[in-house]
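> query07.pdb is the file, holding PDB, C-alpha atoms:
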ATOM      1  CA  MET C  66      94.683 115.052 235.676
ATOM      2  CA  THR C  67      92.263 116.249 233.036
ATOM      3  CA  ASN C  68      88.683 115.102 233.263
ATOM      4  CA  ARG C  69      87.183 114.281 229.896
ATOM      5  CA  SER C  70      83.504 114.012 229.221
ATOM      6  CA  PRO C  71      82.415 110.694 227.721
ATOM      7  CA  ALA C  72      81.924 110.807 223.970
ATOM      8  CA  LEU C  73      78.321 111.139 222.961
ATOM      9  CA  PRO C  74      76.957 108.516 220.567
ATOM     10  CA  ALA C  75      76.600 109.684 216.989
ATOM     11  CA  GLN C  76      73.093 110.848 216.224
ATOM     12  CA  ARG C  77      71.216 108.522 213.893
ATOM     13  CA  VAL C  78      70.575 109.888 210.431
ATOM     14  CA  THR C  79      66.854 109.887 209.647
ATOM     15  CA  SER C  80      64.755 110.044 206.521
ATOM     16  CA  HIS C  81      63.993 113.682 207.425
ATOM     17  CA  ASP C  82      67.722 114.445 207.096
ATOM     18  CA  VAL C  83      67.847 112.746 203.710
ATOM     19  CA  SER C  84      64.752 114.562 202.433
ATOM     20  CA  ARG C  85      66.266 117.939 203.411
ATOM     21  CA  GLU C  86      69.617 117.079 201.808
ATOM     22  CA  ALA C  87      68.002 115.836 198.582
ATOM     23  CA  GLY C  88      65.355 118.565 198.469
ATOM     24  CA  VAL C  89      62.501 116.086 198.208
ATOM     25  CA  SER C  90      59.595 114.997 200.369
ATOM     26  CA  GLN C  91      59.991 112.338 203.050
ATOM     27  CA  SER C  92      57.565 110.107 201.132
ATOM     28  CA  ALA C  93      59.902 110.292 198.134
ATOM     29  CA  VAL C  94      62.718 109.002 200.345
ATOM     30  CA  SER C  95      60.533 106.091 201.396
ATOM     31  CA  ARG C  96      59.620 105.284 197.771
ATOM     32  CA  ALA C  97      63.278 105.387 196.733
ATOM     33  CA  PHE C  98      64.018 102.483 199.084
ATOM     34  CA  THR C  99      60.872 100.494 198.280
ATOM     35  CA  PRO C 100      61.259  97.958 195.424
ATOM     36  CA  GLY C 101      58.703  98.563 192.682
ATOM     37  CA  ALA C 102      57.539 101.920 194.070
ATOM     38  CA  HIS C 103      56.629 104.675 191.587
ATOM     39  CA  ILE C 104      59.412 107.280 191.553
ATOM     40  CA  SER C 105      61.264 109.087 188.793
ATOM     41  CA  PRO C 106      64.860 108.023 188.076
ATOM     42  CA  GLU C 107      66.111 111.540 188.795
ATOM     43  CA  THR C 108      64.409 111.701 192.196
ATOM     44  CA  ARG C 109      65.698 108.246 193.115
ATOM     45  CA  ARG C 110      69.218 109.303 192.123
ATOM     46  CA  ARG C 111      69.079 112.424 194.323
ATOM     47  CA  VAL C 112      67.766 110.437 197.276
ATOM     48  CA  LEU C 113      70.405 107.722 196.969
ATOM     49  CA  GLU C 114      73.211 110.249 196.622
ATOM     50  CA  ALA C 115      72.002 112.113 199.714
ATOM     51  CA  ALA C 116      71.658 108.869 201.657
ATOM     52  CA  GLN C 117      75.187 107.816 200.751
ATOM     53  CA  LYS C 118      76.584 111.208 201.703
ATOM     54  CA  LEU C 119      74.877 111.167 205.109
ATOM     55  CA  GLY C 120      75.381 107.458 205.783
ATOM     56  CA  TYR C 121      71.653 106.800 205.972
ATOM     57  CA  GLN C 122      70.254 103.279 206.287
ATOM     58  CA  PRO C 123      66.454 102.805 206.048
ATOM     59  CA  ASN C 124      64.784 101.351 209.135
ATOM     60  CA  ALA C 125      63.160  98.142 207.909
ATOM     61  CA  ILE C 126      61.317  97.577 211.189
ATOM     62  CA  ALA C 127      59.771 101.031 211.187
ATOM     63  CA  ARG C 128      58.744 100.647 207.563
ATOM     64  CA  SER C 129      57.079  97.312 208.301
ATOM     65  CA  LEU C 130      54.982  98.940 211.014
ATOM     66  CA  VAL C 131      53.689 101.434 208.469
ATOM     67  CA  THR C 132      53.238  99.111 205.496
ATOM     68  CA  GLN C 133      52.236  96.033 207.538
ATOM     69  CA  ARG C 134      54.713  94.100 205.369
ATOM     70  CA  SER C 135      58.013  92.984 206.862
ATOM     71  CA  GLY C 136      59.493  91.539 203.688
ATOM     72  CA  ILE C 137      60.580  88.482 205.721
ATOM     73  CA  VAL C 138      59.938  84.937 204.516
ATOM     74  CA  ALA C 139      60.667  82.104 206.952
ATOM     75  CA  LEU C 140      62.552  79.082 205.612
ATOM     76  CA  ILE C 141      61.956  76.143 207.959
ATOM     77  CA  VAL C 142      64.194  73.104 207.569
ATOM     78  CA  GLY C 143      64.372  69.902 209.581
ATOM     79  CA  GLU C 144      67.857  68.666 208.787
ATOM     80  CA  LEU C 145      70.800  69.716 206.646
ATOM     81  CA  HIS C 146      72.551  66.352 206.175
ATOM     82  CA  ASN C 147      71.258  66.228 202.611
ATOM     83  CA  PRO C 148      73.401  68.647 200.552
ATOM     84  CA  PHE C 149      70.424  69.337 198.291
ATOM     85  CA  TYR C 150      68.765  71.505 200.941
ATOM     86  CA  PRO C 151      71.651  73.876 201.754
ATOM     87  CA  GLN C 152      71.838  74.402 197.991
ATOM     88  CA  ALA C 153      68.083  75.034 197.833
ATOM     89  CA  LEU C 154      68.211  77.396 200.838
ATOM     90  CA  SER C 155      70.982  79.430 199.224
ATOM     91  CA  GLN C 156      69.066  79.782 195.975
ATOM     92  CA  PHE C 157      65.852  80.644 197.820
ATOM     93  CA  ALA C 158      67.652  83.396 199.750
ATOM     94  CA  GLN C 159      69.034  84.820 196.496
ATOM     95  CA  ALA C 160      65.623  84.687 194.811
ATOM     96  CA  LEU C 161      64.008  86.462 197.771
ATOM     97  CA  GLU C 162      66.774  89.082 197.755
ATOM     98  CA  ALA C 163      66.034  89.776 194.089
ATOM     99  CA  LYS C 164      62.404  90.453 195.074
ATOM    100  CA  GLY C 165      63.438  92.877 197.814
ATOM    101  CA  LYS C 166      62.718  90.391 200.612
ATOM    102  CA  ARG C 167      64.766  88.685 203.319
ATOM    103  CA  ALA C 168      65.008  85.050 204.380
ATOM    104  CA  LEU C 169      64.676  84.004 208.018
ATOM    105  CA  LEU C 170      66.120  80.513 208.590
ATOM    106  CA  LEU C 171      64.664  78.375 211.374
ATOM    107  CA  THR C 172      65.507  74.762 212.148
ATOM    108  CA  HIS C 173      62.757  72.402 213.207
ATOM    109  CA  ASP C 174      63.174  69.576 215.717
ATOM    110  CA  ALA C 175      61.241  66.610 214.312
ATOM    111  CA  ARG C 176      60.267  65.587 217.869
ATOM    112  CA  ARG C 177      58.144  68.724 218.189
ATOM    113  CA  ASP C 178      55.006  69.874 216.444
ATOM    114  CA  VAL C 179      55.911  71.975 213.410
ATOM    115  CA  GLN C 180      53.220  74.413 214.550
ATOM    116  CA  ASP C 181      55.533  75.459 217.399
ATOM    117  CA  THR C 182      58.224  76.453 214.893
ATOM    118  CA  LEU C 183      55.705  78.303 212.737
ATOM    119  CA  ASP C 184      54.412  80.162 215.789
ATOM    120  CA  ALA C 185      57.992  81.166 216.628
ATOM    121  CA  ALA C 186      58.473  82.429 213.069
ATOM    122  CA  SER C 187      55.260  84.467 213.245
ATOM    123  CA  ARG C 188      56.737  86.600 216.043
ATOM    124  CA  TYR C 189      58.953  88.175 213.381
ATOM    125  CA  GLN C 190      55.910  89.367 211.409
ATOM    126  CA  ILE C 191      56.754  87.069 208.510
ATOM    127  CA  GLU C 192      54.931  87.421 205.218
ATOM    128  CA  ALA C 193      55.098  83.699 204.405
ATOM    129  CA  ALA C 194      56.708  80.436 205.501
ATOM    130  CA  ILE C 195      58.307  77.736 203.368
ATOM    131  CA  VAL C 196      58.687  74.329 204.998
ATOM    132  CA  PHE C 197      61.345  71.983 203.646
ATOM    133  CA  PRO C 198      61.125  68.181 204.052
ATOM    134  CA  THR C 199      60.853  67.279 207.701
ATOM    135  CA  ARG C 200      58.645  65.034 209.736
ATOM    136  CA  LEU C 201      55.422  66.914 210.307
ATOM    137  CA  ASN C 202      53.906  65.516 213.480
ATOM    138  CA  ALA C 203      50.858  67.753 213.449
ATOM    139  CA  ALA C 204      47.724  65.757 212.787
ATOM    140  CA  PRO C 205      45.226  67.174 210.303
ATOM    141  CA  PRO C 206      43.799  69.703 210.355
ATOM    142  CA  SER C 207      46.131  71.519 212.809
ATOM    143  CA  LEU C 208      48.775  72.242 210.176
ATOM    144  CA  GLY C 209      46.086  73.943 208.150
ATOM    145  CA  ASP C 210      45.777  76.504 210.929
ATOM    146  CA  VAL C 211      49.301  77.857 210.480
ATOM    147  CA  SER C 212      47.949  80.788 208.511
ATOM    148  CA  ARG C 213      46.133  82.022 211.634
ATOM    149  CA  GLY C 214      47.225  85.567 210.847
ATOM    150  CA  GLY C 215      46.703  85.215 207.120
ATOM    151  CA  VAL C 216      50.294  84.055 206.559
ATOM    152  CA  PRO C 217      50.552  81.544 203.697
ATOM    153  CA  VAL C 218      52.587  78.378 204.259
ATOM    154  CA  LEU C 219      54.122  76.375 201.435
ATOM    155  CA  LEU C 220      55.647  72.893 201.555
ATOM    156  CA  PHE C 221      58.702  72.599 199.337
ATOM    157  CA  ASN C 222      59.472  69.251 197.704
ATOM    158  CA  ARG C 223      56.951  67.388 199.765
ATOM    159  CA  HIS C 224      53.216  67.203 200.277
ATOM    160  CA  LEU C 225      50.727  65.980 202.839
ATOM    161  CA  PRO C 226      47.789  64.071 201.358
ATOM    162  CA  GLY C 227      44.473  65.293 202.684
ATOM    163  CA  GLN C 228      45.771  68.674 203.861
ATOM    164  CA  ASP C 229      44.796  71.944 202.230
ATOM    165  CA  LEU C 230      48.292  73.378 201.921
ATOM    166  CA  LEU C 231      50.322  74.933 199.139
ATOM    167  CA  SER C 232      52.957  72.528 197.843
ATOM    168  CA  VAL C 233      55.636  72.716 195.147
ATOM    169  CA  ALA C 234      57.628  69.570 194.466
ATOM    170  CA  CYS C 235      59.560  67.555 191.969
ATOM    171  CA  ASP C 236      57.411  64.748 190.592
ATOM    172  CA  ASN C 237      59.052  62.171 192.837
ATOM    173  CA  HIS C 238      56.696  59.364 191.806
ATOM    174  CA  ALA C 239      57.543  59.846 188.121
ATOM    175  CA  GLY C 240      61.202  60.142 189.096
ATOM    176  CA  GLY C 241      61.057  56.758 190.816
ATOM    177  CA  ARG C 242      59.560  55.232 187.690
ATOM    178  CA  LEU C 243      62.264  56.854 185.564
ATOM    179  CA  ALA C 244      65.014  55.437 187.788
ATOM    180  CA  ALA C 245      63.545  51.958 187.425
ATOM    181  CA  GLN C 246      63.258  52.360 183.655
ATOM    182  CA  VAL C 247      66.893  53.389 183.294
ATOM    183  CA  LEU C 248      68.087  50.382 185.286
ATOM    184  CA  LEU C 249      65.762  47.969 183.465
ATOM    185  CA  ASP C 250      66.913  49.310 180.098
ATOM    186  CA  GLY C 251      70.468  48.532 181.204
ATOM    187  CA  GLY C 252      69.509  44.882 181.637
ATOM    188  CA  ALA C 253      69.105  44.775 185.425
ATOM    189  CA  THR C 254      66.957  41.999 186.903
ATOM    190  CA  ARG C 255      68.004  42.104 190.579
ATOM    191  CA  LEU C 256      67.246  45.625 191.707
ATOM    192  CA  ALA C 257      67.491  47.112 195.185
ATOM    193  CA  PHE C 258      66.194  50.371 196.608
ATOM    194  CA  ILE C 259      67.893  52.181 199.488
ATOM    195  CA  GLY C 260      65.476  54.715 200.909
ATOM    196  CA  GLY C 261      65.645  57.749 203.154
ATOM    197  CA  ASP C 262      63.380  58.768 206.015
ATOM    198  CA  PRO C 263      60.348  56.484 205.536
ATOM    199  CA  ASP C 264      57.997  59.108 207.034
ATOM    200  CA  THR C 265      58.606  61.656 204.258
ATOM    201  CA  SER C 266      56.639  61.939 201.045
ATOM    202  CA  THR C 267      59.881  62.217 199.041
ATOM    203  CA  HIS C 268      60.890  58.713 200.125
ATOM    204  CA  GLN C 269      57.401  57.268 199.772
ATOM    205  CA  ASP C 270      56.747  58.677 196.298
ATOM    206  CA  ARG C 271      60.127  57.636 194.887
ATOM    207  CA  LEU C 272      59.742  54.114 196.273
ATOM    208  CA  ARG C 273      56.164  53.844 194.993
ATOM    209  CA  GLY C 274      57.140  54.885 191.469
ATOM    210  CA  PHE C 275      60.126  52.529 191.487
ATOM    211  CA  THR C 276      58.186  49.471 192.666
ATOM    212  CA  GLU C 277      55.262  50.182 190.309
ATOM    213  CA  ARG C 278      57.546  50.192 187.280
ATOM    214  CA  LEU C 279      59.290  47.002 188.404
ATOM    215  CA  ALA C 280      55.922  45.299 188.937
ATOM    216  CA  GLU C 281      54.975  46.108 185.349
ATOM    217  CA  SER C 282      58.008  44.042 184.315
ATOM    218  CA  GLY C 283      57.141  41.210 186.692
ATOM    219  CA  LEU C 284      59.815  42.177 189.230
ATOM    220  CA  SER C 285      59.982  43.495 192.774
ATOM    221  CA  PRO C 286      62.888  45.018 194.734
ATOM    222  CA  LEU C 287      65.069  42.296 196.234
ATOM    223  CA  ALA C 288      65.646  44.684 199.159
ATOM    224  CA  ALA C 289      64.279  48.116 200.127
ATOM    225  CA  PRO C 290      65.759  49.213 203.472
ATOM    226  CA  ALA C 291      65.031  52.777 204.576
ATOM    227  CA  ARG C 292      66.260  55.007 207.382
ATOM    228  CA  ALA C 293      67.767  58.394 206.522
ATOM    229  CA  PHE C 294      68.815  60.575 203.582
ATOM    230  CA  GLN C 295      72.471  60.352 204.678
ATOM    231  CA  TYR C 296      75.805  59.113 203.328
ATOM    232  CA  ASP C 297      76.534  56.781 206.255
ATOM    233  CA  TRP C 298      73.182  55.086 205.753
ATOM    234  CA  GLY C 299      73.971  54.458 202.078
ATOM    235  CA  VAL C 300      77.217  52.746 203.083
ATOM    236  CA  GLU C 301      75.607  50.720 205.878
ATOM    237  CA  ALA C 302      72.602  49.588 203.841
ATOM    238  CA  THR C 303      74.770  48.463 200.916
ATOM    239  CA  ARG C 304      76.961  46.395 203.221
ATOM    240  CA  GLN C 305      73.904  44.860 204.889
ATOM    241  CA  ILE C 306      72.205  43.954 201.599
ATOM    242  CA  HIS C 307      75.309  42.014 200.559
ATOM    243  CA  ALA C 308      75.764  40.486 204.033
ATOM    244  CA  ASP C 309      72.211  39.151 203.754
ATOM    245  CA  GLY C 310      73.252  37.205 200.671
ATOM    246  CA  HIS C 311      71.739  39.489 198.048
ATOM    247  CA  CYS C 312      73.778  40.382 194.993
ATOM    248  CA  PRO C 313      71.959  43.208 193.219
ATOM    249  CA  ASP C 314      72.911  44.195 189.700
ATOM    250  CA  ALA C 315      71.334  47.632 190.173
ATOM    251  CA  ILE C 316      70.730  49.969 193.132
ATOM    252  CA  PHE C 317      68.556  53.071 193.272
ATOM    253  CA  GLY C 318      69.579  55.428 196.069
ATOM    254  CA  ALA C 319      66.625  57.586 197.112
ATOM    255  CA  ASN C 320      68.881  60.627 196.931
ATOM    256  CA  ASP C 321      72.386  61.395 195.710
ATOM    257  CA  ILE C 322      74.095  61.394 199.090
ATOM    258  CA  ILE C 323      72.758  57.875 199.726
ATOM    259  CA  ALA C 324      73.895  56.805 196.242
ATOM    260  CA  ILE C 325      77.381  58.221 196.858
ATOM    261  CA  GLY C 326      77.550  56.106 200.013
ATOM    262  CA  VAL C 327      76.451  53.136 197.899
ATOM    263  CA  LEU C 328      79.297  53.738 195.439
ATOM    264  CA  ASP C 329      81.914  53.870 198.192
ATOM    265  CA  ALA C 330      80.569  50.698 199.808
ATOM    266  CA  LEU C 331      80.580  48.869 196.468
ATOM    267  CA  ARG C 332      84.240  49.798 195.982
ATOM    268  CA  GLU C 333      84.958  48.365 199.419
ATOM    269  CA  LEU C 334      83.118  45.154 198.474
ATOM    270  CA  GLY C 335      85.094  44.805 195.251
ATOM    271  CA  ARG C 336      82.095  45.260 192.961
ATOM    272  CA  ARG C 337      82.612  47.208 189.746
ATOM    273  CA  VAL C 338      80.297  50.042 188.692
ATOM    274  CA  PRO C 339      78.556  49.822 186.261
ATOM    275  CA  GLU C 340      79.980  46.477 185.011
ATOM    276  CA  ASP C 341      78.737  44.475 188.013
ATOM    277  CA  VAL C 342      76.113  46.827 189.396
ATOM    278  CA  SER C 343      74.465  49.996 188.084
ATOM    279  CA  VAL C 344      73.742  52.845 190.496
ATOM    280  CA  ILE C 345      71.403  55.801 190.104
ATOM    281  CA  GLY C 346      70.621  58.642 192.506
ATOM    282  CA  PHE C 347      68.192  61.544 192.778
ATOM    283  CA  ASP C 348      68.703  65.350 193.107
ATOM    284  CA  ASP C 349      71.913  66.065 191.137
ATOM    285  CA  ILE C 350      73.814  67.711 193.978
ATOM    286  CA  GLN C 351      77.195  69.228 193.123
ATOM    287  CA  GLU C 352      79.106  66.243 194.525
ATOM    288  CA  SER C 353      77.435  63.936 191.992
ATOM    289  CA  ALA C 354      79.457  65.348 189.097
ATOM    290  CA  ARG C 355      82.819  64.967 190.837
ATOM    291  CA  LEU C 356      85.340  62.705 189.126
ATOM    292  CA  ALA C 357      85.348  60.240 192.031
ATOM    293  CA  TYR C 358      81.647  59.487 191.463
ATOM    294  CA  ARG C 359      80.266  60.680 188.097
ATOM    295  CA  LEU C 360      76.853  59.581 189.357
ATOM    296  CA  THR C 361      73.949  59.019 186.986
ATOM    297  CA  THR C 362      71.025  60.772 188.650
ATOM    298  CA  ILE C 363      67.675  62.491 188.280
ATOM    299  CA  ARG C 364      68.005  66.256 188.547
ATOM    300  CA  GLN C 365      65.410  68.246 190.420
ATOM    301  CA  PRO C 366      64.566  71.462 188.495
ATOM    302  CA  LEU C 367      65.479  73.581 191.503
ATOM    303  CA  GLU C 368      65.430  76.990 189.845
ATOM    304  CA  THR C 369      62.021  76.355 188.273
ATOM    305  CA  MET C 370      60.626  74.975 191.530
ATOM    306  CA  ILE C 371      61.795  78.035 193.475
ATOM    307  CA  GLU C 372      60.274  80.402 190.918
ATOM    308  CA  ASP C 373      56.981  78.520 191.097
ATOM    309  CA  ALA C 374      57.037  78.519 194.905
ATOM    310  CA  LEU C 375      57.431  82.299 195.025
ATOM    311  CA  LEU C 376      54.672  82.726 192.419
ATOM    312  CA  ALA C 377      52.401  80.487 194.492
ATOM    313  CA  LEU C 378      53.037  82.601 197.592
ATOM    314  CA  ASP C 379      52.205  85.792 195.683
ATOM    315  CA  ASP C 380      48.744  84.376 194.982
ATOM    316  CA  PRO C 381      48.164  81.517 197.451
ATOM    317  CA  GLN C 382      45.351  79.227 196.321
ATOM    318  CA  PRO C 383      45.529  75.982 198.342
ATOM    319  CA  GLY C 384      43.417  72.966 197.698
ATOM    320  CA  HIS C 385      44.546  71.988 194.198
ATOM    321  CA  GLY C 386      47.161  69.372 195.104
ATOM    322  CA  PRO C 387      50.922  69.712 194.808
ATOM    323  CA  ARG C 388      52.381  71.695 191.915
ATOM    324  CA  LEU C 389      54.665  69.062 190.389
ATOM    325  CA  HIS C 390      57.714  69.543 188.173
ATOM    326  CA  PRO C 391      59.333  66.704 186.212
ATOM    327  CA  GLY C 392      62.884  65.619 186.997
ATOM    328  CA  GLU C 393      65.563  65.356 184.322
ATOM    329  CA  LEU C 394      67.750  62.312 183.768
ATOM    330  CA  ILE C 395      71.465  63.176 183.956
ATOM    331  CA  TRP C 396      73.604  60.484 182.346
ATOM    332  CA  ARG C 397      77.067  59.962 183.768
ATOM    333  CA  ASP C 398      79.107  56.827 184.393
ATOM    334  CA  THR C 399      77.374  54.685 187.013
ATOM    335  CA  ALA C 400      74.529  53.089 185.053
ATOM    336  CA  LYS C 401      74.550  50.855 182.003
ATOM    337  CA  GLY C 402      72.687  52.174 179.016
ATOM    338  CA  GLN C 403      73.298  55.349 177.059
ATOM    339  CA  MET C 404      76.641  55.984 178.733
ATOM    340  CA  GLY C 405      77.376  52.570 180.269
TER
END
Would you mind writing the file out in structure tokens?

Amino acid sequence: MTNRSPALPAQRVTSHDVSREAGVSQSAVSRAFTPGAHISPETRRRVLEAAQKLGYQPNAIARSLVTQRSGIVALIVGELHNPFYPQALSQFAQALEAKGKRALLLTHDARRDVQDTLDAASRYQIEAAIVFPTRLNAAPPSLGDVSRGGVPVLLFNRHLPGQDLLSVACDNHAGGRLAAQVLLDGGATRLAFIGGDPDTSTHQDRLRGFTERLAESGLSPLAAPARAFQYDWGVEATRQIHADGHCPDAIFGANDIIAIGVLDALRELGRRVPEDVSVIGFDDIQESARLAYRLTTIRQPLETMIEDALLALDDPQPGHGPRLHPGELIWRDTAKGQMG
């Protein structure tokens, strides 16, 4: 029987190997793999060709120790039931990739202090954190201390009144007013609102704008139940509103997935859309345009909001209130008016 020595692991290719192969300095190798670094096209080409030949991969961790910049941005999300946020997360990751950065996704349990999640993220030497709508149980001013190590934190599509935090959001208050206006213009007089998580600013601002505009016309919502930004809740709330004896001629779902649940429940109840009842949503998720729904909705300018969020993190200047972006009305088939 022949004894064979165990195979030795392949030796890791280093930047020194690449610099020798390309005939350049080690610093030139580092600059070739650093987005925005000053390096001639010819030198970059030689470095990349040598790296490909040798199978070299730059060590991001080692580079971060030298530059004190990890290139990692934490994306903290509370729940993914709302299809708008997986879509937003995907676009954020792509936008960060284009800037030479990486996204670190962390989920946050609403029963815990968000500071715990931010502290966990900081162990990865993050450059910034973006917090998506979730219940923030930290009482002021504790959430303002998240930048203990100089790490900026930005709230995306929500804000916390009285807290000195960066915030980029759709103008949800104006969007609520717009939803009311569309339904009023279609002749509605018995309007209902089906809200999401009542502890979030997205719900509160959309409801406030909606009720303000109705009040200007001498009306108030005949019902405004709220629980969660989820499909099942849209179905349940619509059934309950009708079981309570209400017969709305218009319903504003606080987001599209609620409104889609509303549409399915109305079909079950035998009510025609938009002939008997108009329905409008908020977000313009991909499902809204499907033939089964063709939902009239208010589109959040997601691409613009993401660009603004990344600009805000490049030069964080808290204390000026949320950076708001107007929503856009998307006419389809579920509301009387232009298309109804």
> So, counting only C-alpha atoms, which residue among C:His173, C:His268, C:His311, C:Arg85 is closest to Phe294 in chain C?
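That would be C:His268, the residue with the smallest distance to Phe294 in chain C.
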> Using the chain letters and numbers from the file, which residues does the PyMOL selection byres ((chain C and resi 263) around 10) grab, as a PyMOL selection string?
chain C and resi 200+260-262+264-269+272+290-294
> If you apply the PyMOL selection byres ((chain C and resi 80) around 8) to this file, what residues do you get, as a PyMOL selection string?
chain C and resi 78-79+81-84+91+94-95+121+123
> Using only C-alpha atoms for the distances, tell me which of C:Gly346, C:Pro313, C:Gly165, C:Gly392 is nearest to Ala239 in chain C.
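Result for the nearest residue to Ala239 in chain C: C:Gly392.
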> C:Ile316, C:Leu231, C:Leu140, C:Leu356: which is nearest Gln382 in chain C, counting all atoms listed in the file?
C:Leu231
> How big is the axis-aligned box, and where does its centre sit, when it encloses all atoms of range 297-315 of chain C listed in the file and has 6 Å added on every side, reported in Å to one decimal as JSON?

{"center_x": 74.3, "center_y": 47.0, "center_z": 198.0, "size_x": 17.9, "size_y": 31.6, "size_z": 28.6}
> Between C:Leu113, C:Leu256, C:Ala330, C:Leu378, which one has atoms that come closest to Leu220 in chain C, using all atoms listed in the file?
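The shortest atom-to-atom distance to Leu220 in chain C comes from C:Leu378.
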> By how many Å are CA of Pro366 in chain C and CA of Thr399 in chain C apart?
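So the answer is 21.2 Å.
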> What is the distance between CA of Leu279 in chain C and CA of Leu243 in chain C, in Å to one decimal?
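One can read the CA of Leu279 in chain C to CA of Leu243 in chain C distance as 10.7 Å.
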> If we count only C-alpha atoms and set the cut-off at 10 Å, which residues sit around Ile306 in chain C, ignoring sequence neighbours fewer than 5 positions away in its own chain? Please answer as a PDB file with C-alpha atoms, in the frame of the given file.

ATOM      1  CA  ALA C 257      67.491  47.112 195.185  1.00  0.00           C
ATOM      2  CA  ILE C 259      67.893  52.181 199.488  1.00  0.00           C
ATOM      3  CA  LEU C 287      65.069  42.296 196.234  1.00  0.00           C
ATOM      4  CA  ALA C 288      65.646  44.684 199.159  1.00  0.00           C
ATOM      5  CA  ALA C 289      64.279  48.116 200.127  1.00  0.00           C
ATOM      6  CA  PRO C 290      65.759  49.213 203.472  1.00  0.00           C
ATOM      7  CA  GLU C 301      75.607  50.720 205.878  1.00  0.00           C
ATOM      8  CA  HIS C 311      71.739  39.489 198.048  1.00  0.00           C
ATOM      9  CA  CYS C 312      73.778  40.382 194.993  1.00  0.00           C
ATOM     10  CA  PRO C 313      71.959  43.208 193.219  1.00  0.00           C
TER      11      PRO C 313
END
> Return the single residue from C:Ala185, C:Ile345, C:Val112, C:Leu161 that is closest to Ala315 in chain C, with distances computed using all atoms listed in the file.
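Of C:Ala185, C:Ile345, C:Val112, C:Leu161, the one nearest Ala315 in chain C, counting all atoms listed in the file, is C:Ile345.
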> Restore all heavy atoms in range 385-389 of chain C and list the result as a JSON list (two decimals), in the frame of the given file.

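Saved to rebuild_3.json:
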[["chain", "number", "residue", "atom", "x", "y", "z"],
["C", 385, "HIS", "N", 44.50, 72.53, 195.55],
["C", 385, "HIS", "CA", 44.55, 71.99, 194.20],
["C", 385, "HIS", "C", 45.62, 70.91, 194.06],
["C", 385, "HIS", "O", 46.00, 70.57, 192.94],
["C", 385, "HIS", "CB", 44.79, 73.11, 193.19],
["C", 385, "HIS", "CG", 43.75, 74.20, 193.23],
["C", 385, "HIS", "ND1", 42.45, 73.98, 192.85],
["C", 385, "HIS", "CD2", 43.82, 75.48, 193.64],
["C", 385, "HIS", "CE1", 41.75, 75.11, 193.00],
["C", 385, "HIS", "NE2", 42.55, 76.03, 193.50],
["C", 386, "GLY", "N", 46.12, 70.39, 195.17],
["C", 386, "GLY", "CA", 47.16, 69.37, 195.10],
["C", 386, "GLY", "C", 48.52, 69.99, 194.88],
["C", 386, "GLY", "O", 48.65, 71.19, 194.61],
["C", 387, "PRO", "N", 49.57, 69.17, 194.98],
["C", 387, "PRO", "CA", 50.92, 69.71, 194.81],
["C", 387, "PRO", "C", 51.18, 70.16, 193.38],
["C", 387, "PRO", "O", 50.67, 69.57, 192.42],
["C", 387, "PRO", "CB", 51.82, 68.52, 195.18],
["C", 387, "PRO", "CG", 50.96, 67.31, 194.97],
["C", 387, "PRO", "CD", 49.56, 67.74, 195.29],
["C", 388, "ARG", "N", 51.94, 71.23, 193.23],
["C", 388, "ARG", "CA", 52.38, 71.69, 191.92],
["C", 388, "ARG", "C", 53.66, 70.93, 191.59],
["C", 388, "ARG", "O", 54.71, 71.19, 192.19],
["C", 388, "ARG", "CB", 52.61, 73.20, 191.95],
["C", 388, "ARG", "CG", 51.33, 73.99, 192.30],
["C", 388, "ARG", "CD", 51.63, 75.36, 192.86],
["C", 388, "ARG", "NE", 52.19, 76.29, 191.91],
["C", 388, "ARG", "CZ", 51.62, 77.43, 191.52],
["C", 388, "ARG", "NH1", 50.43, 77.76, 192.01],
["C", 388, "ARG", "NH2", 52.21, 78.24, 190.68],
["C", 389, "LEU", "N", 53.57, 69.99, 190.66],
["C", 389, "LEU", "CA", 54.66, 69.06, 190.39],
["C", 389, "LEU", "C", 55.48, 69.48, 189.17],
["C", 389, "LEU", "O", 54.94, 69.96, 188.18],
["C", 389, "LEU", "CB", 54.12, 67.65, 190.18],
["C", 389, "LEU", "CG", 53.37, 67.03, 191.36],
["C", 389, "LEU", "CD1", 52.85, 65.65, 190.99],
["C", 389, "LEU", "CD2", 54.26, 66.97, 192.60]]
